[in-house]
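Printed here is coords_10.txt (compact mmCIF, N, CA and C atoms):
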```txt
# COMPACT_ATOMS: atom_id res chain seq x y z
N MET A 1135 -181.84 114.35 -88.38
CA MET A 1135 -180.80 114.19 -87.40
C MET A 1135 -181.44 114.14 -86.04
N ILE A 1136 -180.98 113.24 -85.22
CA ILE A 1136 -181.46 113.15 -83.84
C ILE A 1136 -180.28 113.39 -82.92
N LEU A 1137 -180.48 114.21 -81.92
CA LEU A 1137 -179.44 114.54 -80.96
C LEU A 1137 -179.96 114.18 -79.58
N ASN A 1138 -179.22 113.34 -78.87
CA ASN A 1138 -179.60 112.96 -77.52
C ASN A 1138 -179.09 114.01 -76.55
N LEU A 1139 -179.99 114.71 -75.90
CA LEU A 1139 -179.61 115.71 -74.92
C LEU A 1139 -179.49 115.10 -73.54
N GLN A 1140 -180.41 114.18 -73.23
CA GLN A 1140 -180.41 113.46 -71.95
C GLN A 1140 -181.20 112.18 -72.18
N ASN A 1141 -180.51 111.05 -72.18
CA ASN A 1141 -181.23 109.81 -72.42
C ASN A 1141 -180.80 108.73 -71.44
N ASN A 1142 -181.59 107.68 -71.37
CA ASN A 1142 -181.32 106.56 -70.48
C ASN A 1142 -180.25 105.67 -71.09
N PHE A 1143 -179.28 105.32 -70.31
CA PHE A 1143 -178.16 104.50 -70.77
C PHE A 1143 -178.58 103.04 -70.89
N GLY A 1144 -178.12 102.39 -71.92
CA GLY A 1144 -178.27 100.95 -72.05
C GLY A 1144 -179.60 100.45 -72.57
N LYS A 1145 -180.42 101.30 -73.15
CA LYS A 1145 -181.68 100.80 -73.68
C LYS A 1145 -181.46 100.17 -75.05
N ALA A 1146 -182.28 99.19 -75.36
CA ALA A 1146 -182.13 98.45 -76.62
C ALA A 1146 -182.69 99.25 -77.78
N VAL A 1147 -182.06 99.09 -78.95
CA VAL A 1147 -182.53 99.67 -80.20
C VAL A 1147 -182.79 98.52 -81.15
N ASP A 1148 -183.99 98.46 -81.70
CA ASP A 1148 -184.35 97.41 -82.64
C ASP A 1148 -183.84 97.80 -84.03
N ALA A 1149 -182.79 97.13 -84.50
CA ALA A 1149 -182.20 97.42 -85.80
C ALA A 1149 -182.37 96.25 -86.75
N SER A 1150 -183.49 95.55 -86.61
CA SER A 1150 -183.70 94.33 -87.39
C SER A 1150 -184.50 94.53 -88.66
N LYS A 1151 -184.89 95.78 -88.94
CA LYS A 1151 -185.76 96.03 -90.10
C LYS A 1151 -185.13 97.04 -91.05
N THR A 1152 -185.64 97.06 -92.27
CA THR A 1152 -185.19 98.00 -93.28
C THR A 1152 -186.21 99.12 -93.47
N ALA A 1153 -185.79 100.17 -94.12
CA ALA A 1153 -186.67 101.32 -94.36
C ALA A 1153 -187.61 101.03 -95.53
N LYS A 1154 -188.88 101.29 -95.32
CA LYS A 1154 -189.89 101.12 -96.37
C LYS A 1154 -189.81 102.25 -97.39
N VAL A 1155 -189.38 103.42 -96.94
CA VAL A 1155 -189.17 104.60 -97.79
C VAL A 1155 -187.90 105.30 -97.32
N ALA A 1156 -187.34 106.15 -98.15
CA ALA A 1156 -186.18 106.94 -97.73
C ALA A 1156 -186.62 107.97 -96.70
N MET A 1157 -185.84 108.11 -95.64
CA MET A 1157 -186.16 109.08 -94.59
C MET A 1157 -184.89 109.45 -93.84
N LYS A 1158 -184.99 110.45 -92.98
CA LYS A 1158 -183.83 110.93 -92.25
C LYS A 1158 -183.85 110.42 -90.81
N ARG A 1159 -182.65 110.34 -90.23
CA ARG A 1159 -182.56 110.05 -88.80
C ARG A 1159 -183.34 111.13 -88.06
N GLY A 1160 -184.05 110.73 -87.02
CA GLY A 1160 -184.86 111.67 -86.27
C GLY A 1160 -186.30 111.71 -86.71
N THR A 1161 -186.64 110.98 -87.78
CA THR A 1161 -188.02 110.86 -88.23
C THR A 1161 -188.76 109.93 -87.27
N PHE A 1162 -189.98 110.26 -86.95
CA PHE A 1162 -190.80 109.41 -86.08
C PHE A 1162 -191.40 108.30 -86.94
N ILE A 1163 -191.21 107.05 -86.48
CA ILE A 1163 -191.55 105.91 -87.33
C ILE A 1163 -192.44 104.90 -86.63
N LYS A 1164 -192.93 103.95 -87.44
CA LYS A 1164 -193.75 102.83 -86.98
C LYS A 1164 -193.36 101.60 -87.79
N THR A 1165 -193.82 100.45 -87.37
CA THR A 1165 -193.61 99.22 -88.12
C THR A 1165 -194.76 99.06 -89.11
N ASN A 1166 -194.42 98.73 -90.36
CA ASN A 1166 -195.43 98.53 -91.39
C ASN A 1166 -194.97 97.38 -92.28
N ALA A 1167 -195.68 96.27 -92.22
CA ALA A 1167 -195.36 95.09 -93.03
C ALA A 1167 -193.91 94.64 -92.86
N GLY A 1168 -193.44 94.65 -91.62
CA GLY A 1168 -192.09 94.18 -91.32
C GLY A 1168 -190.98 95.15 -91.67
N GLN A 1169 -191.30 96.41 -91.96
CA GLN A 1169 -190.31 97.43 -92.28
C GLN A 1169 -190.61 98.70 -91.49
N TRP A 1170 -189.61 99.59 -91.41
CA TRP A 1170 -189.82 100.90 -90.77
C TRP A 1170 -190.49 101.82 -91.78
N ASP A 1171 -191.53 102.50 -91.32
CA ASP A 1171 -192.26 103.44 -92.17
C ASP A 1171 -192.50 104.71 -91.38
N ILE A 1172 -192.80 105.78 -92.05
CA ILE A 1172 -193.06 107.07 -91.41
C ILE A 1172 -194.38 107.01 -90.65
N ALA A 1173 -194.35 107.41 -89.38
CA ALA A 1173 -195.56 107.47 -88.57
C ALA A 1173 -196.36 108.70 -88.96
N THR A 1174 -197.64 108.52 -89.25
CA THR A 1174 -198.47 109.64 -89.70
C THR A 1174 -199.04 110.44 -88.54
N THR A 1175 -199.16 109.82 -87.37
CA THR A 1175 -199.73 110.51 -86.20
C THR A 1175 -198.95 110.13 -84.95
N LEU A 1176 -199.19 110.86 -83.87
CA LEU A 1176 -198.59 110.54 -82.58
C LEU A 1176 -199.05 109.16 -82.11
N ALA A 1177 -200.31 108.84 -82.34
CA ALA A 1177 -200.86 107.55 -81.89
C ALA A 1177 -200.18 106.36 -82.56
N THR A 1178 -199.70 106.51 -83.78
CA THR A 1178 -199.06 105.40 -84.49
C THR A 1178 -197.55 105.36 -84.31
N THR A 1179 -196.99 106.36 -83.65
CA THR A 1179 -195.54 106.45 -83.48
C THR A 1179 -195.04 105.42 -82.48
N GLU A 1180 -194.02 104.67 -82.90
CA GLU A 1180 -193.38 103.70 -82.01
C GLU A 1180 -192.05 104.21 -81.48
N GLY A 1181 -191.43 105.12 -82.19
CA GLY A 1181 -190.13 105.66 -81.78
C GLY A 1181 -189.54 106.51 -82.88
N VAL A 1182 -188.23 106.69 -82.81
CA VAL A 1182 -187.54 107.56 -83.74
C VAL A 1182 -186.50 106.75 -84.52
N LEU A 1183 -186.28 107.11 -85.78
CA LEU A 1183 -185.34 106.41 -86.65
C LEU A 1183 -183.90 106.79 -86.28
N VAL A 1184 -183.07 105.77 -86.09
CA VAL A 1184 -181.65 105.98 -85.82
C VAL A 1184 -180.85 105.03 -86.71
N ARG A 1185 -179.57 105.28 -86.82
CA ARG A 1185 -178.70 104.37 -87.57
C ARG A 1185 -177.29 104.51 -87.04
N ASP A 1186 -176.47 103.50 -87.36
CA ASP A 1186 -175.05 103.55 -87.03
C ASP A 1186 -174.34 104.32 -88.15
N VAL A 1187 -173.04 104.42 -88.08
CA VAL A 1187 -172.26 105.14 -89.08
C VAL A 1187 -172.40 104.46 -90.44
N ASN A 1188 -172.63 105.25 -91.48
CA ASN A 1188 -172.70 104.75 -92.84
C ASN A 1188 -171.29 104.73 -93.41
N ALA A 1189 -170.78 103.52 -93.65
CA ALA A 1189 -169.39 103.37 -94.12
C ALA A 1189 -169.19 103.83 -95.56
N LYS A 1190 -170.28 104.14 -96.28
CA LYS A 1190 -170.16 104.60 -97.67
C LYS A 1190 -169.72 106.06 -97.77
N ASP A 1191 -169.62 106.74 -96.65
CA ASP A 1191 -169.22 108.14 -96.60
C ASP A 1191 -167.73 108.26 -96.89
N VAL A 1192 -167.33 109.14 -97.79
CA VAL A 1192 -165.93 109.33 -98.16
C VAL A 1192 -165.11 109.76 -96.94
N ASP A 1193 -165.66 110.64 -96.11
CA ASP A 1193 -164.95 111.09 -94.92
C ASP A 1193 -164.64 109.92 -93.99
N VAL A 1194 -165.59 109.01 -93.83
CA VAL A 1194 -165.39 107.82 -93.00
C VAL A 1194 -164.28 106.96 -93.58
N ALA A 1195 -164.30 106.77 -94.89
CA ALA A 1195 -163.28 105.96 -95.56
C ALA A 1195 -161.89 106.55 -95.40
N MET A 1196 -161.82 107.86 -95.30
CA MET A 1196 -160.52 108.54 -95.17
C MET A 1196 -160.10 108.67 -93.70
N GLY A 1197 -160.93 108.22 -92.78
CA GLY A 1197 -160.60 108.29 -91.37
C GLY A 1197 -160.86 109.63 -90.73
N LEU A 1198 -161.62 110.49 -91.40
CA LEU A 1198 -161.94 111.80 -90.85
C LEU A 1198 -163.10 111.69 -89.85
N PRO A 1199 -163.26 112.67 -88.99
CA PRO A 1199 -164.38 112.63 -88.04
C PRO A 1199 -165.72 112.61 -88.78
N VAL A 1200 -166.66 111.89 -88.22
CA VAL A 1200 -167.99 111.77 -88.83
C VAL A 1200 -168.84 112.95 -88.38
N SER A 1201 -169.44 113.65 -89.34
CA SER A 1201 -170.32 114.77 -89.03
C SER A 1201 -171.73 114.26 -88.79
N ASP A 1202 -172.34 114.71 -87.68
CA ASP A 1202 -173.73 114.35 -87.40
C ASP A 1202 -174.67 114.90 -88.45
N PHE A 1203 -174.22 115.92 -89.17
CA PHE A 1203 -175.10 116.59 -90.13
C PHE A 1203 -174.78 116.24 -91.58
N SER A 1204 -173.95 115.23 -91.79
CA SER A 1204 -173.65 114.77 -93.14
C SER A 1204 -174.91 114.18 -93.77
N THR A 1205 -175.20 114.58 -94.99
CA THR A 1205 -176.39 114.06 -95.68
C THR A 1205 -176.32 112.55 -95.84
N ILE A 1206 -175.12 112.04 -96.11
CA ILE A 1206 -174.97 110.59 -96.27
C ILE A 1206 -175.25 109.87 -94.95
N GLN A 1207 -174.76 110.43 -93.85
CA GLN A 1207 -174.99 109.82 -92.54
C GLN A 1207 -176.45 109.96 -92.12
N ASP A 1208 -177.06 111.06 -92.50
CA ASP A 1208 -178.41 111.39 -92.03
C ASP A 1208 -179.52 110.67 -92.77
N THR A 1209 -179.28 110.27 -94.02
CA THR A 1209 -180.33 109.71 -94.85
C THR A 1209 -180.29 108.18 -94.84
N VAL A 1210 -181.43 107.58 -94.56
CA VAL A 1210 -181.59 106.13 -94.65
C VAL A 1210 -182.40 105.88 -95.92
N LEU A 1211 -181.79 105.16 -96.85
CA LEU A 1211 -182.42 104.91 -98.13
C LEU A 1211 -183.39 103.73 -98.06
N LEU A 1212 -184.27 103.65 -99.03
CA LEU A 1212 -185.19 102.54 -99.16
C LEU A 1212 -184.42 101.22 -99.11
N GLY A 1213 -184.82 100.32 -98.23
CA GLY A 1213 -184.20 99.01 -98.13
C GLY A 1213 -182.98 98.92 -97.24
N GLU A 1214 -182.48 100.05 -96.73
CA GLU A 1214 -181.33 100.02 -95.83
C GLU A 1214 -181.77 99.69 -94.40
N TYR A 1215 -180.91 98.97 -93.69
CA TYR A 1215 -181.19 98.67 -92.28
C TYR A 1215 -181.04 99.93 -91.44
N ALA A 1216 -181.93 100.07 -90.49
CA ALA A 1216 -181.89 101.19 -89.55
C ALA A 1216 -182.49 100.72 -88.24
N GLY A 1217 -182.49 101.59 -87.27
CA GLY A 1217 -183.00 101.21 -85.95
C GLY A 1217 -184.16 102.06 -85.49
N LEU A 1218 -184.92 101.49 -84.58
CA LEU A 1218 -186.02 102.19 -83.92
C LEU A 1218 -185.62 102.38 -82.46
N GLU A 1219 -185.47 103.63 -82.06
CA GLU A 1219 -185.20 103.94 -80.66
C GLU A 1219 -186.49 104.44 -80.02
N VAL A 1220 -186.92 103.73 -79.00
CA VAL A 1220 -188.13 104.14 -78.28
C VAL A 1220 -187.75 105.30 -77.36
N ILE A 1221 -188.49 106.39 -77.45
CA ILE A 1221 -188.24 107.55 -76.59
C ILE A 1221 -188.98 107.31 -75.28
N GLN A 1222 -188.22 107.34 -74.19
CA GLN A 1222 -188.80 107.08 -72.88
C GLN A 1222 -189.13 108.38 -72.17
N LYS A 1223 -190.09 108.32 -71.25
CA LYS A 1223 -190.48 109.51 -70.49
C LYS A 1223 -189.28 110.10 -69.78
N GLY A 1224 -189.17 111.41 -69.83
CA GLY A 1224 -188.10 112.12 -69.14
C GLY A 1224 -186.85 112.34 -69.97
N GLU A 1225 -186.67 111.57 -71.04
CA GLU A 1225 -185.51 111.80 -71.90
C GLU A 1225 -185.69 113.11 -72.66
N ARG A 1226 -184.58 113.71 -73.02
CA ARG A 1226 -184.61 114.95 -73.79
C ARG A 1226 -183.82 114.74 -75.07
N HIS A 1227 -184.43 115.11 -76.18
CA HIS A 1227 -183.82 114.95 -77.49
C HIS A 1227 -184.05 116.21 -78.32
N ALA A 1228 -183.36 116.29 -79.45
CA ALA A 1228 -183.59 117.35 -80.43
C ALA A 1228 -183.51 116.72 -81.81
N THR A 1229 -184.31 117.21 -82.73
CA THR A 1229 -184.35 116.66 -84.08
C THR A 1229 -184.48 117.78 -85.12
N THR A 1230 -184.01 117.47 -86.31
CA THR A 1230 -184.19 118.38 -87.45
C THR A 1230 -185.51 118.10 -88.15
N GLU A 1231 -186.21 117.08 -87.71
CA GLU A 1231 -187.46 116.67 -88.36
C GLU A 1231 -188.65 117.33 -87.67
N PHE A 1232 -188.96 118.54 -88.09
CA PHE A 1232 -190.09 119.29 -87.56
C PHE A 1232 -190.74 120.08 -88.68
N ASP A 1233 -191.99 120.45 -88.46
CA ASP A 1233 -192.76 121.24 -89.42
C ASP A 1233 -192.06 122.59 -89.60
N ALA A 1234 -191.71 122.92 -90.82
CA ALA A 1234 -190.96 124.14 -91.12
C ALA A 1234 -191.74 125.41 -90.81
N THR A 1235 -193.05 125.31 -90.62
CA THR A 1235 -193.85 126.51 -90.35
C THR A 1235 -193.97 126.82 -88.85
N LEU A 1236 -193.36 126.02 -87.99
CA LEU A 1236 -193.44 126.27 -86.55
C LEU A 1236 -192.82 127.62 -86.20
N THR A 1237 -193.47 128.31 -85.28
CA THR A 1237 -192.98 129.61 -84.83
C THR A 1237 -192.29 129.48 -83.48
N ASP A 1238 -191.58 130.52 -83.08
CA ASP A 1238 -190.91 130.53 -81.78
C ASP A 1238 -191.91 130.34 -80.64
N VAL A 1239 -193.09 130.91 -80.76
CA VAL A 1239 -194.12 130.78 -79.72
C VAL A 1239 -194.61 129.33 -79.62
N GLN A 1240 -194.79 128.67 -80.76
CA GLN A 1240 -195.30 127.30 -80.77
C GLN A 1240 -194.31 126.30 -80.21
N VAL A 1241 -193.03 126.61 -80.22
CA VAL A 1241 -192.02 125.67 -79.73
C VAL A 1241 -191.35 126.14 -78.45
N ALA A 1242 -191.93 127.15 -77.82
CA ALA A 1242 -191.38 127.63 -76.55
C ALA A 1242 -191.43 126.50 -75.52
N ASP A 1243 -190.51 126.54 -74.58
CA ASP A 1243 -190.42 125.51 -73.55
C ASP A 1243 -191.78 125.29 -72.88
N GLY A 1244 -192.25 124.05 -72.92
CA GLY A 1244 -193.51 123.69 -72.28
C GLY A 1244 -194.71 123.60 -73.21
N GLN A 1245 -194.57 124.04 -74.46
CA GLN A 1245 -195.67 123.95 -75.42
C GLN A 1245 -195.85 122.50 -75.87
N TYR A 1246 -197.09 122.12 -76.12
CA TYR A 1246 -197.38 120.76 -76.57
C TYR A 1246 -197.16 120.62 -78.07
N LEU A 1247 -196.62 119.45 -78.44
CA LEU A 1247 -196.39 119.13 -79.84
C LEU A 1247 -197.08 117.81 -80.17
N THR A 1248 -197.22 117.54 -81.44
CA THR A 1248 -197.73 116.26 -81.90
C THR A 1248 -196.83 115.80 -83.05
N ILE A 1249 -197.17 114.68 -83.63
CA ILE A 1249 -196.40 114.16 -84.76
C ILE A 1249 -197.32 114.05 -85.97
N THR A 1250 -196.88 114.64 -87.06
CA THR A 1250 -197.61 114.61 -88.32
C THR A 1250 -196.64 114.22 -89.43
N ASN A 1251 -196.93 113.12 -90.09
CA ASN A 1251 -196.08 112.63 -91.18
C ASN A 1251 -194.61 112.53 -90.79
N GLY A 1252 -194.36 111.98 -89.60
CA GLY A 1252 -193.01 111.72 -89.14
C GLY A 1252 -192.27 112.90 -88.55
N LYS A 1253 -192.92 114.06 -88.49
CA LYS A 1253 -192.26 115.27 -88.00
C LYS A 1253 -193.02 115.87 -86.82
N LEU A 1254 -192.31 116.59 -85.99
CA LEU A 1254 -192.95 117.31 -84.89
C LEU A 1254 -193.75 118.48 -85.45
N ALA A 1255 -194.94 118.67 -84.90
CA ALA A 1255 -195.83 119.74 -85.33
C ALA A 1255 -196.53 120.31 -84.11
N THR A 1256 -197.14 121.46 -84.26
CA THR A 1256 -197.86 122.09 -83.15
C THR A 1256 -199.12 121.31 -82.82
N SER A 1257 -199.52 121.39 -81.56
CA SER A 1257 -200.74 120.72 -81.12
C SER A 1257 -201.62 121.71 -80.38
N GLY A 1258 -202.90 121.70 -80.70
CA GLY A 1258 -203.84 122.58 -80.03
C GLY A 1258 -204.31 122.04 -78.69
N THR A 1259 -203.99 120.79 -78.40
CA THR A 1259 -204.40 120.17 -77.13
C THR A 1259 -203.19 119.55 -76.44
N ALA A 1260 -203.37 119.19 -75.19
CA ALA A 1260 -202.29 118.56 -74.44
C ALA A 1260 -201.97 117.18 -75.01
N THR A 1261 -200.69 116.89 -75.16
CA THR A 1261 -200.23 115.60 -75.66
C THR A 1261 -199.09 115.10 -74.76
N THR A 1262 -198.48 114.02 -75.15
CA THR A 1262 -197.35 113.47 -74.39
C THR A 1262 -196.01 114.00 -74.88
N VAL A 1263 -196.02 114.89 -75.87
CA VAL A 1263 -194.78 115.48 -76.40
C VAL A 1263 -194.74 116.96 -76.03
N VAL A 1264 -193.65 117.36 -75.39
CA VAL A 1264 -193.52 118.74 -74.94
C VAL A 1264 -192.26 119.36 -75.56
N ALA A 1265 -192.41 120.57 -76.05
CA ALA A 1265 -191.29 121.29 -76.67
C ALA A 1265 -190.30 121.77 -75.62
N LEU A 1266 -189.03 121.79 -76.00
CA LEU A 1266 -187.97 122.34 -75.16
C LEU A 1266 -187.38 123.59 -75.78
N GLY A 1267 -187.94 124.00 -76.94
CA GLY A 1267 -187.43 125.17 -77.63
C GLY A 1267 -186.42 124.79 -78.70
N TRP A 1268 -185.92 125.81 -79.38
CA TRP A 1268 -184.93 125.57 -80.43
C TRP A 1268 -183.59 125.22 -79.81
N VAL A 1269 -182.88 124.31 -80.46
CA VAL A 1269 -181.52 123.94 -80.06
C VAL A 1269 -180.64 124.23 -81.26
N HIS A 1270 -179.65 125.10 -81.08
CA HIS A 1270 -178.75 125.47 -82.18
C HIS A 1270 -177.40 124.80 -81.98
N VAL A 1271 -176.96 124.09 -83.00
CA VAL A 1271 -175.64 123.46 -83.01
C VAL A 1271 -174.93 124.03 -84.23
N GLY A 1272 -174.06 124.99 -83.99
CA GLY A 1272 -173.45 125.70 -85.11
C GLY A 1272 -174.53 126.43 -85.88
N VAL A 1273 -174.60 126.18 -87.19
CA VAL A 1273 -175.62 126.81 -88.02
C VAL A 1273 -176.88 125.95 -88.13
N GLN A 1274 -176.86 124.75 -87.54
CA GLN A 1274 -178.01 123.84 -87.61
C GLN A 1274 -179.04 124.19 -86.55
N LYS A 1275 -180.29 124.12 -86.94
CA LYS A 1275 -181.40 124.42 -86.04
C LYS A 1275 -182.19 123.14 -85.81
N LEU A 1276 -182.31 122.73 -84.56
CA LEU A 1276 -183.06 121.55 -84.18
C LEU A 1276 -184.16 121.96 -83.21
N LEU A 1277 -185.15 121.11 -83.06
CA LEU A 1277 -186.22 121.35 -82.12
C LEU A 1277 -186.07 120.36 -80.97
N GLY A 1278 -185.92 120.89 -79.77
CA GLY A 1278 -185.83 120.06 -78.58
C GLY A 1278 -187.20 119.60 -78.13
N PHE A 1279 -187.26 118.36 -77.62
CA PHE A 1279 -188.54 117.81 -77.18
C PHE A 1279 -188.31 116.76 -76.11
N LYS A 1280 -189.37 116.47 -75.38
CA LYS A 1280 -189.37 115.34 -74.43
C LYS A 1280 -190.75 114.74 -74.39
N PHE A 1281 -190.83 113.48 -74.01
CA PHE A 1281 -192.10 112.79 -73.82
C PHE A 1281 -192.41 112.80 -72.33
N VAL A 1282 -193.65 113.07 -71.99
CA VAL A 1282 -194.06 113.11 -70.57
C VAL A 1282 -195.15 112.09 -70.29
```

Any chance you could put this one into structure tokens?
Amino acid sequence: MILNLQNNFGKAVDASKTAKVAMKRGTFIKTNAGQWDIATTLATTEGVLVRDVNAKDVDVAMGLPVSDFSTIQDTVLLGEYAGLEVIQKGERHATTEFDATLTDVQVADGQYLTITNGKLATSGTATTVVALGWVHVGVQKLLGFKFV
């Protein structure tokens, strides 16, 4: 799941490709053979995976509000169209796609992060990704971040 905390209005999202593997919104991705694939490192990351509403959701079909945390909405299956949103400097976002072993100290505001296998992870050196700390939305726990 990706949550926009502060982003630039009107930027383009490239939604012309399909997923090479199943992944969740908020995964850091790259282009691979004309498809979206999981970025293995910060250097290969082009942006974050996003998608529009998945009409296959029963709640959507019934006209109910769409949950940002619905598994159906959150998961992009192999071969499904999705988008690449480029994260611009100064924007603030939060994602559920982070290394599960991260500690409160490692994600404290101002700590450097990197990307490993499509997820945010701790970094021992300065990078272009900075932690904003944990962001709690109800019972969901996300990791806030920005690119500098």

Checklist entry - Quick one, how far is CA of Lys1158 in chain A from atom C of Thr1205 in chain A? => result 8.5 Å

Checklist entry - Which residues, written as a ChimeraX atom specification, have at least one atom at most 7 Å from Leu1276 in chain A, with all atoms listed in the file counted and residues fewer than 3 positions away on the same chain left out? => result /A:1228-1231,1267-1271

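One finds atom N of Thr1165 in chain A at 10.5 Å from atom N of Ala1153 in chain A.
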
Next on the checklist: Just list as a ChimeraX atom specification whatever in chain A DSSP marks as helix (DSSP H, G or I).
Outcome noted: /A:1192-1195,1205-1208

With N, CA and C atoms retained, export the selected residues as a PDB file, in the coordinates of the input.
```pdb
ATOM      1  N   VAL A1192    -167.330 109.140 -97.790  1.00  0.00           N
ATOM      2  CA  VAL A1192    -165.930 109.330 -98.160  1.00  0.00           C
ATOM      3  C   VAL A1192    -165.110 109.760 -96.940  1.00  0.00           C
ATOM      4  N   ASP A1193    -165.660 110.640 -96.110  1.00  0.00           N
ATOM      5  CA  ASP A1193    -164.950 111.090 -94.920  1.00  0.00           C
ATOM      6  C   ASP A1193    -164.640 109.920 -93.990  1.00  0.00           C
ATOM      7  N   VAL A1194    -165.590 109.010 -93.830  1.00  0.00           N
ATOM      8  CA  VAL A1194    -165.390 107.820 -93.000  1.00  0.00           C
ATOM      9  C   VAL A1194    -164.280 106.960 -93.580  1.00  0.00           C
ATOM     10  N   ALA A1195    -164.300 106.770 -94.890  1.00  0.00           N
ATOM     11  CA  ALA A1195    -163.280 105.960 -95.560  1.00  0.00           C
ATOM     12  C   ALA A1195    -161.890 106.550 -95.400  1.00  0.00           C
ATOM     13  N   THR A1205    -175.200 114.580 -94.990  1.00  0.00           N
ATOM     14  CA  THR A1205    -176.390 114.060 -95.680  1.00  0.00           C
ATOM     15  C   THR A1205    -176.320 112.550 -95.840  1.00  0.00           C
ATOM     16  N   ILE A1206    -175.120 112.040 -96.110  1.00  0.00           N
ATOM     17  CA  ILE A1206    -174.970 110.590 -96.270  1.00  0.00           C
ATOM     18  C   ILE A1206    -175.250 109.870 -94.950  1.00  0.00           C
ATOM     19  N   GLN A1207    -174.760 110.430 -93.850  1.00  0.00           N
ATOM     20  CA  GLN A1207    -174.990 109.820 -92.540  1.00  0.00           C
ATOM     21  C   GLN A1207    -176.450 109.960 -92.120  1.00  0.00           C
ATOM     22  N   ASP A1208    -177.060 111.060 -92.500  1.00  0.00           N
ATOM     23  CA  ASP A1208    -178.410 111.390 -92.030  1.00  0.00           C
ATOM     24  C   ASP A1208    -179.520 110.670 -92.770  1.00  0.00           C
TER      25      ASP A1208
END
```

With all atoms of range 1150-1166 of chain A from the file as input, state the centre and edge lengths in Å to one decimal of the axis-aligned box that has 5 Å extra on each side, as AutoDock Vina command-line options.
```
--center_x -189.0 --center_y 103.0 --center_z -92.1 --size_x 22.9 --size_y 27.4 --size_z 22.1
```

Next on the checklist: Given the point (-190.9, 96.6, -92.0) in the coordinates of this file, which residues lie within 8 Å, counting all atoms listed in the file, and how would they look as a list in words?
Outcome noted: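 With a cut-off of 8 Å, the residues come to Ser1150, Lys1151, Thr1152, Ala1153, Lys1154, Lys1164, Thr1165, Asn1166, Ala1167, Gly1168, Gln1169, Trp1170 and Asp1171 of chain A.
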
Would you output that residue set with N, CA and C atoms, as a short mmCIF file (atom, residue, chain, number, x, y, z; two decimals), keeping the file's coordinate frame?
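Final file, result06.cif:
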```
data_model
loop_
_atom_site.label_atom_id
_atom_site.label_comp_id
_atom_site.auth_asym_id
_atom_site.auth_seq_id
_atom_site.Cartn_x
_atom_site.Cartn_y
_atom_site.Cartn_z
N SER A 1150 -183.49 95.55 -86.61
CA SER A 1150 -183.70 94.33 -87.39
C SER A 1150 -184.50 94.53 -88.66
N LYS A 1151 -184.89 95.78 -88.94
CA LYS A 1151 -185.76 96.03 -90.10
C LYS A 1151 -185.13 97.04 -91.05
N THR A 1152 -185.64 97.06 -92.27
CA THR A 1152 -185.19 98.00 -93.28
C THR A 1152 -186.21 99.12 -93.47
N ALA A 1153 -185.79 100.17 -94.12
CA ALA A 1153 -186.67 101.32 -94.36
C ALA A 1153 -187.61 101.03 -95.53
N LYS A 1154 -188.88 101.29 -95.32
CA LYS A 1154 -189.89 101.12 -96.37
C LYS A 1154 -189.81 102.25 -97.39
N LYS A 1164 -192.93 103.95 -87.44
CA LYS A 1164 -193.75 102.83 -86.98
C LYS A 1164 -193.36 101.60 -87.79
N THR A 1165 -193.82 100.45 -87.37
CA THR A 1165 -193.61 99.22 -88.12
C THR A 1165 -194.76 99.06 -89.11
N ASN A 1166 -194.42 98.73 -90.36
CA ASN A 1166 -195.43 98.53 -91.39
C ASN A 1166 -194.97 97.38 -92.28
N ALA A 1167 -195.68 96.27 -92.22
CA ALA A 1167 -195.36 95.09 -93.03
C ALA A 1167 -193.91 94.64 -92.86
N GLY A 1168 -193.44 94.65 -91.62
CA GLY A 1168 -192.09 94.18 -91.32
C GLY A 1168 -190.98 95.15 -91.67
N GLN A 1169 -191.30 96.41 -91.96
CA GLN A 1169 -190.31 97.43 -92.28
C GLN A 1169 -190.61 98.70 -91.49
N TRP A 1170 -189.61 99.59 -91.41
CA TRP A 1170 -189.82 100.90 -90.77
C TRP A 1170 -190.49 101.82 -91.78
N ASP A 1171 -191.53 102.50 -91.32
CA ASP A 1171 -192.26 103.44 -92.17
C ASP A 1171 -192.50 104.71 -91.38
#
```

Next on the checklist: I need the residues in chain A that are strand (DSSP E) according to DSSP; give them as a ChimeraX atom specification.
Outcome noted: /A:1136-1140,1148-1152,1157-1158,1162-1166,1169-1172,1181-1184,1209-1210,1215-1219,1226-1229,1246-1250,1253-1256,1263-1271,1274-1281

Next on the checklist: For a quick check of understanding, using all atoms listed in the file, which of A:Ala1177, A:Val1187, A:Gln1274, A:Gly1252 has the smallest distance to Gly1160 in chain A?
Outcome noted: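 Under the stated criterion, the closest residue is A:Gly1252.
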